[in-house]
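J.: See final.cif below, with mmCIF, C-alpha atoms.
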data_upload
#
loop_
_atom_site.label_atom_id
_atom_site.label_comp_id
_atom_site.auth_asym_id
_atom_site.auth_seq_id
_atom_site.Cartn_x
_atom_site.Cartn_y
_atom_site.Cartn_z
CA MET E 961 0.00 0.00 0.00
CA THR E 962 1.45 3.38 -1.04
CA PRO E 963 1.11 6.67 0.94
CA GLY E 964 -2.24 8.29 0.52
CA THR E 965 -4.07 5.06 -0.16
CA HIS E 966 -6.59 3.46 2.20
CA ALA E 967 -5.94 0.14 3.97
CA SER E 968 -7.91 -2.82 2.79
CA PRO E 969 -10.51 -4.38 5.10
CA GLU E 970 -8.09 -7.27 5.76
CA GLU E 971 -5.25 -4.95 6.81
CA ARG E 972 -7.24 -2.72 9.18
CA PRO E 973 -7.72 -5.32 12.03
CA ALA E 974 -4.02 -6.24 12.02
CA ARG E 975 -3.07 -2.58 12.17
CA ARG E 976 -5.39 -2.00 15.15
CA ARG E 977 -3.83 -4.98 16.97
CA ARG E 978 -0.29 -3.58 16.45
CA THR E 979 -1.37 -0.17 17.73
CA ALA E 980 -3.04 -1.66 20.80
CA TRP E 981 0.11 -3.70 21.57
CA ARG E 982 2.38 -0.63 21.32
CA VAL E 983 0.10 1.37 23.65
CA GLY E 984 -0.83 -1.45 26.04
CA THR E 985 2.66 -2.79 26.76
CA PRO E 986 4.02 0.46 28.29
CA ALA E 987 0.79 0.90 30.26
CA VAL E 988 1.08 -2.58 31.81
CA ALA E 989 4.76 -2.01 32.63
CA LEU E 990 3.92 1.31 34.27
CA LEU E 991 1.16 -0.31 36.33
CA CYS E 992 3.46 -3.13 37.51
CA GLY E 993 6.13 -0.63 38.49
CA SER E 994 3.59 1.37 40.47
CA LEU E 995 2.49 -1.76 42.35
CA PHE E 996 6.12 -2.59 43.23
CA VAL E 997 6.64 0.92 44.59
CA ILE E 998 3.41 0.78 46.64
CA SER E 999 4.38 -2.63 48.09
CA ALA E 1000 7.85 -1.38 49.06
CA VAL E 1001 6.40 1.68 50.80
CA ASN E 1002 3.76 -0.29 52.69
CA SER E 1003 6.17 -3.01 53.80
CA HIS E 1004 8.77 -0.57 55.19
CA GLY E 1005 11.44 -2.93 53.91
CA THR E 1006 9.87 -6.08 55.38
CA ASP E 1007 8.33 -9.14 53.76
CA LEU E 1008 4.62 -8.62 53.15
CA ARG E 1009 4.08 -12.38 53.01
CA PRO E 1010 6.56 -13.91 55.44
CA GLY E 1011 6.84 -17.66 55.80
CA ARG E 1012 4.67 -19.35 58.42
CA TYR E 1013 6.15 -19.77 61.85
CA THR E 1014 6.81 -23.38 62.65
CA ASP E 1015 6.46 -23.04 66.42
CA LEU E 1016 5.03 -20.77 69.08
CA ALA E 1017 8.41 -19.89 70.57
CA THR E 1018 9.58 -18.52 67.21
CA LEU E 1019 6.48 -16.34 66.91
CA ALA E 1020 6.81 -15.05 70.47
CA GLY E 1021 10.51 -14.39 69.96
CA SER E 1022 9.85 -12.44 66.76
CA GLU E 1023 7.19 -10.30 68.44
CA ARG E 1024 9.48 -9.73 71.41
CA ASP E 1025 12.35 -8.63 69.14
CA ALA E 1026 10.07 -6.14 67.39
CA TYR E 1027 8.91 -4.81 70.75
CA GLN E 1028 12.49 -4.40 71.97
CA LYS E 1029 13.34 -2.37 68.87
CA LEU E 1030 10.41 -0.09 69.59
CA GLU E 1031 11.52 0.13 73.22
CA ALA E 1032 14.95 1.32 72.07
CA GLN E 1033 13.32 3.99 69.91
CA VAL E 1034 11.18 5.14 72.84
CA ALA E 1035 14.22 5.31 75.14
CA SER E 1036 16.10 7.38 72.55
CA LEU E 1037 13.20 9.80 72.15
CA GLN E 1038 12.73 10.08 75.91
CA LYS E 1039 16.43 10.90 76.25
CA GLN E 1040 16.08 13.66 73.67
CA VAL E 1041 13.05 15.07 75.47
CA THR E 1042 14.92 15.03 78.79
CA THR E 1043 17.93 16.77 77.25
CA LEU E 1044 15.76 19.48 75.69
CA THR E 1045 13.77 19.91 78.91
CA ASN E 1046 16.93 20.30 80.99
CA ALA E 1047 18.06 23.04 78.62
CA VAL E 1048 15.02 25.19 79.50
CA PRO E 1049 16.00 27.68 82.26
CA ASP E 1050 12.60 27.80 83.93
CA ALA E 1051 11.97 27.54 87.69
CA ASP E 1052 8.57 25.84 87.26
CA VAL E 1053 10.09 23.23 84.94
CA GLU E 1054 12.86 22.50 87.45
CA LYS E 1055 10.33 22.04 90.28
CA ALA E 1056 8.25 19.68 88.14
CA GLN E 1057 11.38 17.69 87.30
CA GLU E 1058 12.27 17.37 90.99
CA ARG E 1059 8.79 16.05 91.81
CA ALA E 1060 8.94 13.61 88.90
CA GLY E 1061 12.39 12.43 90.01
CA ARG E 1062 11.12 11.57 93.49
CA LEU E 1063 8.32 9.47 91.98
CA LYS E 1064 10.49 7.49 89.57
CA SER E 1065 11.44 4.76 92.01
CA PRO E 1066 7.91 3.97 93.35
CA ALA E 1067 6.59 4.14 89.78
CA GLY E 1068 9.02 1.42 88.68
CA LEU E 1069 11.17 3.68 86.51
CA MET E 1070 14.39 2.96 88.40
CA PRO E 1071 16.25 -0.38 88.60
CA VAL E 1072 16.02 -2.21 91.94
CA SER E 1073 18.07 -5.09 93.38
CA GLY E 1074 18.19 -7.01 96.64
CA THR E 1075 17.17 -10.26 98.27
CA GLY E 1076 14.01 -11.90 96.99
CA LEU E 1077 12.23 -14.88 95.47
CA THR E 1078 12.02 -16.54 92.07
CA ILE E 1079 8.89 -18.51 91.20
CA THR E 1080 8.56 -20.44 87.94
CA LEU E 1081 5.20 -21.63 86.61
CA SER E 1082 5.03 -24.08 83.71
CA ASP E 1083 2.61 -26.33 81.86
CA ALA E 1084 2.56 -30.05 82.53
CA PRO E 1085 4.63 -32.19 80.13
CA ARG E 1086 3.03 -32.53 76.70
CA ASP E 1087 2.83 -36.34 76.85
CA LEU E 1088 0.97 -36.12 80.16
CA ILE E 1089 -1.50 -33.60 78.72
CA ASP E 1090 -2.08 -35.72 75.61
CA LYS E 1091 -3.02 -38.86 77.54
CA THR E 1092 -4.99 -37.27 80.40
CA THR E 1093 -8.58 -38.30 81.01
CA GLY E 1094 -9.19 -35.34 83.30
CA ASP E 1095 -9.56 -31.62 82.66
CA PRO E 1096 -6.59 -30.47 80.54
CA ASN E 1097 -7.18 -26.86 81.63
CA LEU E 1098 -5.78 -27.79 85.03
CA MET E 1099 -2.51 -28.77 83.38
CA VAL E 1100 -1.60 -25.42 81.80
CA VAL E 1101 -0.72 -22.05 83.30
CA HIS E 1102 -3.39 -19.36 83.02
CA GLN E 1103 -3.21 -15.62 83.46
CA GLN E 1104 -5.01 -15.84 86.80
CA ASP E 1105 -2.26 -18.16 88.07
CA ILE E 1106 0.38 -15.55 87.23
CA GLN E 1107 -1.75 -12.77 88.68
CA ALA E 1108 -2.22 -14.72 91.91
CA VAL E 1109 1.56 -15.01 92.33
CA VAL E 1110 2.12 -11.33 91.56
CA ASN E 1111 -0.67 -10.22 93.91
CA ALA E 1112 0.73 -12.36 96.73
CA LEU E 1113 4.20 -10.88 96.20
CA TRP E 1114 2.80 -7.33 96.31
CA SER E 1115 0.89 -8.14 99.49
CA GLY E 1116 4.15 -9.49 100.96
CA GLY E 1117 5.76 -6.07 100.53
CA ALA E 1118 7.72 -6.63 97.32
CA THR E 1119 9.50 -3.47 96.19
CA ALA E 1120 9.74 -4.69 92.58
CA VAL E 1121 8.31 -7.59 90.55
CA THR E 1122 9.28 -8.86 87.09
CA ILE E 1123 7.75 -11.43 84.74
CA GLN E 1124 10.01 -12.84 82.03
CA GLY E 1125 12.44 -10.07 82.95
CA GLN E 1126 9.87 -7.32 82.31
CA ARG E 1127 9.24 -4.87 85.14
CA ILE E 1128 5.65 -4.90 86.34
CA ILE E 1129 4.05 -1.54 87.16
CA SER E 1130 0.56 -0.42 88.11
CA THR E 1131 -0.62 -0.23 84.48
CA THR E 1132 0.80 -3.60 83.37
CA GLY E 1133 -1.80 -5.94 81.93
CA ILE E 1134 -1.41 -9.74 82.06
CA LYS E 1135 -3.51 -11.33 79.34
CA CYS E 1136 -3.86 -14.86 78.02
CA SER E 1137 -3.54 -15.16 74.24
CA GLY E 1138 -3.88 -18.77 73.14
CA SER E 1139 -0.90 -20.67 74.55
CA THR E 1140 1.01 -17.50 75.47
CA VAL E 1141 0.66 -14.70 77.98
CA GLN E 1142 0.90 -11.09 76.85
CA LEU E 1143 2.69 -8.45 78.87
CA GLN E 1144 2.45 -4.89 77.57
CA GLY E 1145 1.19 -6.40 74.32
CA VAL E 1146 4.17 -8.77 73.85
CA PRO E 1147 3.50 -12.56 73.83
CA TYR E 1148 5.65 -14.83 76.00
CA PRO E 1149 5.54 -18.64 76.03
CA GLN E 1150 5.85 -20.73 79.19
CA PRO E 1151 7.65 -21.36 81.50
CA TYR E 1152 6.84 -18.08 83.27
CA VAL E 1153 9.58 -16.80 85.55
CA ILE E 1154 8.39 -14.34 88.20
CA ARG E 1155 10.92 -12.56 90.40
CA ALA E 1156 10.38 -10.25 93.35
CA VAL E 1157 12.71 -8.03 95.35
CA GLY E 1158 11.85 -7.81 99.03
CA ASP E 1159 12.07 -9.36 102.47
CA GLN E 1160 12.17 -13.10 101.88
CA ALA E 1161 10.33 -14.10 105.06
CA ALA E 1162 7.46 -11.70 104.35
CA LEU E 1163 7.24 -12.82 100.72
CA LEU E 1164 7.22 -16.52 101.66
CA ASP E 1165 4.52 -15.90 104.25
CA ALA E 1166 2.34 -14.14 101.66
CA ILE E 1167 2.79 -17.04 99.23
CA SER E 1168 2.00 -19.68 101.85
CA THR E 1169 -1.18 -17.93 103.07
CA SER E 1170 -2.67 -17.39 99.60
CA HIS E 1171 -5.59 -19.82 99.26
CA TYR E 1172 -5.38 -19.70 95.45
CA LEU E 1173 -1.69 -20.62 95.46
CA GLN E 1174 -2.30 -23.39 98.00
CA VAL E 1175 -4.68 -24.99 95.50
CA TYR E 1176 -2.21 -24.46 92.65
CA GLN E 1177 0.63 -26.06 94.59
CA SER E 1178 -1.53 -29.05 95.49
CA GLN E 1179 -2.25 -29.55 91.79
CA ALA E 1180 1.46 -29.22 91.02
CA ALA E 1181 2.16 -32.00 93.55
CA ASN E 1182 -0.49 -34.25 91.95
CA PRO E 1183 1.22 -36.58 89.41
CA ALA E 1184 -1.99 -36.76 87.38
CA ILE E 1185 -1.96 -32.98 86.85
CA GLY E 1186 1.73 -32.13 87.00
CA VAL E 1187 1.49 -28.39 86.40
CA GLY E 1188 4.85 -26.78 87.17
CA TRP E 1189 5.76 -24.89 90.35
CA ARG E 1190 9.29 -24.05 91.43
CA LEU E 1191 10.32 -21.56 94.15
CA SER E 1192 13.77 -20.44 95.19
CA ALA E 1193 15.08 -17.82 97.63
CA ASP E 1194 17.78 -15.70 96.02
CA THR E 1195 20.46 -13.57 97.61
CA VAL E 1196 20.33 -11.08 94.75
CA VAL E 1197 17.34 -10.38 92.50
CA ARG E 1198 17.66 -7.62 89.90
CA ALA E 1199 14.62 -5.83 88.51
CA PRO E 1200 15.32 -3.48 85.60
CA ALA E 1201 13.52 -0.19 85.20
CA TYR E 1202 10.26 -0.20 83.26
CA ARG E 1203 10.97 0.99 79.71
CA GLY E 1204 7.57 0.75 78.08
CA LEU E 1205 5.14 3.48 77.13
CA LEU E 1206 3.99 5.77 79.92
CA ASP E 1207 1.01 7.42 78.22
CA LEU E 1208 -2.28 6.48 79.89
CA SER E 1209 -5.52 5.85 78.01
CA TYR E 1210 -8.72 6.40 79.92
CA ALA E 1211 -12.42 6.99 79.35
CA LYS E 1212 -13.89 10.48 79.27
CA PRO E 1213 -17.47 11.41 80.19
CA LEU E 1214 -19.78 12.38 77.36
CA SER E 1215 -20.64 16.03 77.00
CA ASP E 1216 -24.04 17.12 78.33
CA SER E 1217 -24.64 18.95 75.11
#
For the file at hand, write its structure as structure tokens.

T.:
Amino acid sequence: MTPGTHASPEERPARRRRTAWRVGTPAVALLCGSLFVISAVNSHGTDLRPGRYTDLATLAGSERDAYQKLEAQVASLQKQVTTLTNAVPDADVEKAQERAGRLKSPAGLMPVSGTGLTITLSDAPRDLIDKTTGDPNLMVVHQQDIQAVVNALWSGGATAVTIQGQRIISTTGIKCSGSTVQLQGVPYPQPYVIRAVGDQAALLDAISTSHYLQVYQSQAANPAIGVGWRLSADTVVRAPAYRGLLDLSYAKPLSDS
């Protein structure tokens, strides 16, 4: 076909297909590139479809590592805030800092060490749980078991308590999540190690007089249940300072209007 002549009916469909291919191919490439960019931004450099965790300990460890990274960021930001606050030559600011400093220790924001107790709670052995004809719930550690130990230690005058090495403060929540227990939103698998700093005699007395823990210990001594209980008196127990978030969330009354 020479210039200026019209395409035949047979040539026109082929020409349209070539035009559509030339236009469509760049459009598809541009769309794919856009999707790659969006995925990279949303993932923040992580895998959007990570492989499945093969065990609970791996999952808990991964969540704990992520939490510790966030903790480090919080500590760095808090240090910057403190540095900037100290640079402000204001009498009211200095008085507020003095009051806050006096409250750090009772609030759990300072490390504590001294004599104390270590109590470890654990599930019964897996083979015992699998072949039991009784209630399997009696053979695993629940959040109320951990709370009962912590409450007894507080009533015994503990100056600091930790669970899995995490400092427990007044806003700490202990929550069951499947086969793990969450502390400050981080899952931890059993065994659960609870440590307290304080007078050993007073702490032991509080443990021995707790009706809930008396029942738990009797179940631990029962070979058919076999839930774990181990207690030791330690010359030195170290409780690190609480390093989690300090902002409080609370309900507010609705407006009358």

J.: Counting all atoms listed in the file, which of E:Gln1150, E:His1102, E:Leu1173, E:Ser1139 gets nearest to E:Gln1124?

T.: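 When distances to E:Gln1124 are compared using all atoms listed in the file, the smallest one comes from E:Gln1150.
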
J.: Can you work out which one of E:Gly1116, E:Gly1138, E:Pro1200, E:Gly1133 has the shortest atom-to-atom distance to E:Thr1169, counting all atoms listed in the file?

T.: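 Smallest distance to E:Thr1169 is found for E:Gly1116.
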
J.: For the interface of stretch 1044-1156 of chain E with stretch 1183-1188 of chain E (cut-off 10 Å, counting only C-alpha atoms), please tabulate each contacting residue of stretch 1044-1156 of chain E alongside its nearest pair of atoms and their separation in Å to one decimal, rows sorted by chain and increasing number, as CSV.

T.:
residue,atom,partner,partner_atom,distance
E:Thr1080,CA,E:Gly1188,CA,7.4
E:Leu1081,CA,E:Gly1188,CA,5.2
E:Ser1082,CA,E:Gly1188,CA,4.4
E:Asp1083,CA,E:Val1187,CA,5.1
E:Ala1084,CA,E:Val1187,CA,4.3
E:Pro1085,CA,E:Gly1186,CA,7.5
E:Leu1088,CA,E:Ala1184,CA,7.8
E:Ile1089,CA,E:Ile1185,CA,8.2
E:Thr1092,CA,E:Ala1184,CA,7.6
E:Thr1093,CA,E:Ala1184,CA,9.3
E:Gly1094,CA,E:Ile1185,CA,8.4
E:Asp1095,CA,E:Ile1185,CA,8.8
E:Pro1096,CA,E:Ile1185,CA,8.2
E:Asn1097,CA,E:Ile1185,CA,9.6
E:Leu1098,CA,E:Ile1185,CA,6.7
E:Met1099,CA,E:Val1187,CA,5.0
E:Val1100,CA,E:Val1187,CA,6.3
E:Val1101,CA,E:Val1187,CA,7.4
E:Pro1151,CA,E:Gly1188,CA,8.3
E:Tyr1152,CA,E:Gly1188,CA,9.7

J.: Given the choices E:Leu1163, E:Leu1037, E:Ala1211, E:Leu1191, which gets closest to E:Ser1115 if the distance is worked out from only C-alpha atoms?

T.: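 Looking only at the distances to E:Ser1115, the closest residue turns out to be E:Leu1163.
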
J.: Separation of atom CA of E:Ala1201 and atom CA of E:Val1072, in Å?

T.: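 If I compute the distance from atom CA of E:Ala1201 to atom CA of E:Val1072, I get 7.5 Å.
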
J.: One decimal, in Å: what's the spacing between atom CA of E:Val1110 and atom CA of E:Arg1059?

T.: 28.2 Å

J.: Take atom CA of E:Gln1033 and atom CA of E:Val1157 and report the distance between them in Å, one decimal.

T.: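 Computing it gives 28.1 Å between the two atoms.
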
J.: Can you spell out as a ChimeraX atom specification the set of residues that the PyMOL selection byres ((chain E and resi 1125-1130) around 7) selects in the structure I just provided?

T.: /E:1067-1068,1121-1124,1131-1132,1199-1202

J.: Export C-alpha atoms of the chosen residues as a short mmCIF file (atom, residue, chain, number, x, y, z; two decimals), keeping the file's coordinate frame?

T.:
data_model
loop_
_atom_site.label_atom_id
_atom_site.label_comp_id
_atom_site.auth_asym_id
_atom_site.auth_seq_id
_atom_site.Cartn_x
_atom_site.Cartn_y
_atom_site.Cartn_z
CA ALA E 1067 6.59 4.14 89.78
CA GLY E 1068 9.02 1.42 88.68
CA VAL E 1121 8.31 -7.59 90.55
CA THR E 1122 9.28 -8.86 87.09
CA ILE E 1123 7.75 -11.43 84.74
CA GLN E 1124 10.01 -12.84 82.03
CA THR E 1131 -0.62 -0.23 84.48
CA THR E 1132 0.80 -3.60 83.37
CA ALA E 1199 14.62 -5.83 88.51
CA PRO E 1200 15.32 -3.48 85.60
CA ALA E 1201 13.52 -0.19 85.20
CA TYR E 1202 10.26 -0.20 83.26
#

J.: Using all atoms listed in the file, which residue out of E:Leu1143, E:Ala1060, E:Ala1181, E:Met1070 lies closest to E:Gln1103?

T.: E:Leu1143

J.: Using only C-alpha atoms, give me every residue within 9 Å of (10.5, -13.1, 99.5) in file coordinates, as a CSV table (one decimal) with C-alpha atoms, in the frame of the given file.

T.:
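Writing the result to result.csv gives the following:
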chain,number,residue,atom,x,y,z
E,1075,THR,CA,17.2,-10.3,98.3
E,1076,GLY,CA,14.0,-11.9,97.0
E,1077,LEU,CA,12.2,-14.9,95.5
E,1078,THR,CA,12.0,-16.5,92.1
E,1113,LEU,CA,4.2,-10.9,96.2
E,1116,GLY,CA,4.2,-9.5,101.0
E,1117,GLY,CA,5.8,-6.1,100.5
E,1118,ALA,CA,7.7,-6.6,97.3
E,1156,ALA,CA,10.4,-10.2,93.4
E,1157,VAL,CA,12.7,-8.0,95.4
E,1158,GLY,CA,11.8,-7.8,99.0
E,1159,ASP,CA,12.1,-9.4,102.5
E,1160,GLN,CA,12.2,-13.1,101.9
E,1161,ALA,CA,10.3,-14.1,105.1
E,1162,ALA,CA,7.5,-11.7,104.4
E,1163,LEU,CA,7.2,-12.8,100.7
E,1164,LEU,CA,7.2,-16.5,101.7
E,1165,ASP,CA,4.5,-15.9,104.2
E,1166,ALA,CA,2.3,-14.1,101.7
E,1167,ILE,CA,2.8,-17.0,99.2
E,1193,ALA,CA,15.1,-17.8,97.6
E,1194,ASP,CA,17.8,-15.7,96.0

J.: Give the answer as one residue: which of E:Ala1112, E:Pro1149, E:Arg1203, E:Val1197 has the shortest atom-to-atom distance to E:Ser1137, using all atoms listed in the file?

T.: E:Pro1149

J.: If I wrap all listed atoms of stretch 1127-1133 of chain E in a box with edges along x, y and z and add 5 Å on each side, what are its centre and edge lengths in Å to one decimal, as JSON?

T.:
{"center_x": 3.7, "center_y": -3.1, "center_z": 85.0, "size_x": 21.0, "size_y": 15.7, "size_z": 16.2}

J.: With N, CA and C atoms as the target, complete stretch 1055-1076 of chain E and hand it back as a tab-separated table (two decimals), in the coordinates of the input.

T.:
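Heads up, here's the output in part_34.tsv:
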chain	number	residue	atom	x	y	z
E	1055	LYS	N	11.11	22.58	89.17
E	1055	LYS	CA	10.33	22.04	90.28
E	1055	LYS	C	9.56	20.79	89.85
E	1056	ALA	N	8.99	20.84	88.64
E	1056	ALA	CA	8.25	19.68	88.14
E	1056	ALA	C	9.19	18.50	87.95
E	1057	GLN	N	10.41	18.76	87.48
E	1057	GLN	CA	11.38	17.69	87.30
E	1057	GLN	C	11.78	17.07	88.64
E	1058	GLU	N	11.92	17.89	89.66
E	1058	GLU	CA	12.27	17.37	90.99
E	1058	GLU	C	11.17	16.46	91.52
E	1059	ARG	N	9.91	16.88	91.35
E	1059	ARG	CA	8.79	16.05	91.81
E	1059	ARG	C	8.74	14.74	91.03
E	1060	ALA	N	8.95	14.82	89.72
E	1060	ALA	CA	8.94	13.61	88.90
E	1060	ALA	C	10.08	12.68	89.28
E	1061	GLY	N	11.24	13.24	89.61
E	1061	GLY	CA	12.39	12.43	90.01
E	1061	GLY	C	12.13	11.64	91.28
E	1062	ARG	N	11.42	12.26	92.23
E	1062	ARG	CA	11.12	11.57	93.49
E	1062	ARG	C	10.13	10.42	93.29
E	1063	LEU	N	9.33	10.50	92.23
E	1063	LEU	CA	8.32	9.47	91.98
E	1063	LEU	C	8.81	8.36	91.07
E	1064	LYS	N	9.99	8.49	90.51
E	1064	LYS	CA	10.49	7.49	89.57
E	1064	LYS	C	10.63	6.11	90.19
E	1065	SER	N	11.20	6.06	91.38
E	1065	SER	CA	11.44	4.76	92.01
E	1065	SER	C	10.13	4.04	92.35
E	1066	PRO	N	9.16	4.69	93.06
E	1066	PRO	CA	7.91	3.97	93.35
E	1066	PRO	C	7.09	3.66	92.11
E	1067	ALA	N	7.32	4.40	91.02
E	1067	ALA	CA	6.59	4.14	89.78
E	1067	ALA	C	7.21	3.01	88.97
E	1068	GLY	N	8.37	2.51	89.40
E	1068	GLY	CA	9.02	1.42	88.68
E	1068	GLY	C	9.93	1.88	87.57
E	1069	LEU	N	10.34	3.14	87.58
E	1069	LEU	CA	11.17	3.68	86.51
E	1069	LEU	C	12.65	3.69	86.86
E	1070	MET	N	13.00	3.08	87.99
E	1070	MET	CA	14.39	2.96	88.40
E	1070	MET	C	14.70	1.49	88.67
E	1071	PRO	N	15.89	1.02	88.32
E	1071	PRO	CA	16.25	-0.38	88.60
E	1071	PRO	C	16.35	-0.62	90.10
E	1072	VAL	N	16.01	-1.83	90.52
E	1072	VAL	CA	16.02	-2.21	91.94
E	1072	VAL	C	16.70	-3.57	92.05
E	1073	SER	N	17.45	-3.78	93.12
E	1073	SER	CA	18.07	-5.09	93.38
E	1073	SER	C	18.11	-5.34	94.87
E	1074	GLY	N	18.16	-6.62	95.24
E	1074	GLY	CA	18.19	-7.01	96.64
E	1074	GLY	C	17.79	-8.46	96.80
E	1075	THR	N	17.61	-8.88	98.02
E	1075	THR	CA	17.17	-10.26	98.27
E	1075	THR	C	15.74	-10.44	97.77
E	1076	GLY	N	15.37	-11.67	97.47
E	1076	GLY	CA	14.01	-11.90	96.99
E	1076	GLY	C	13.74	-13.34	96.63
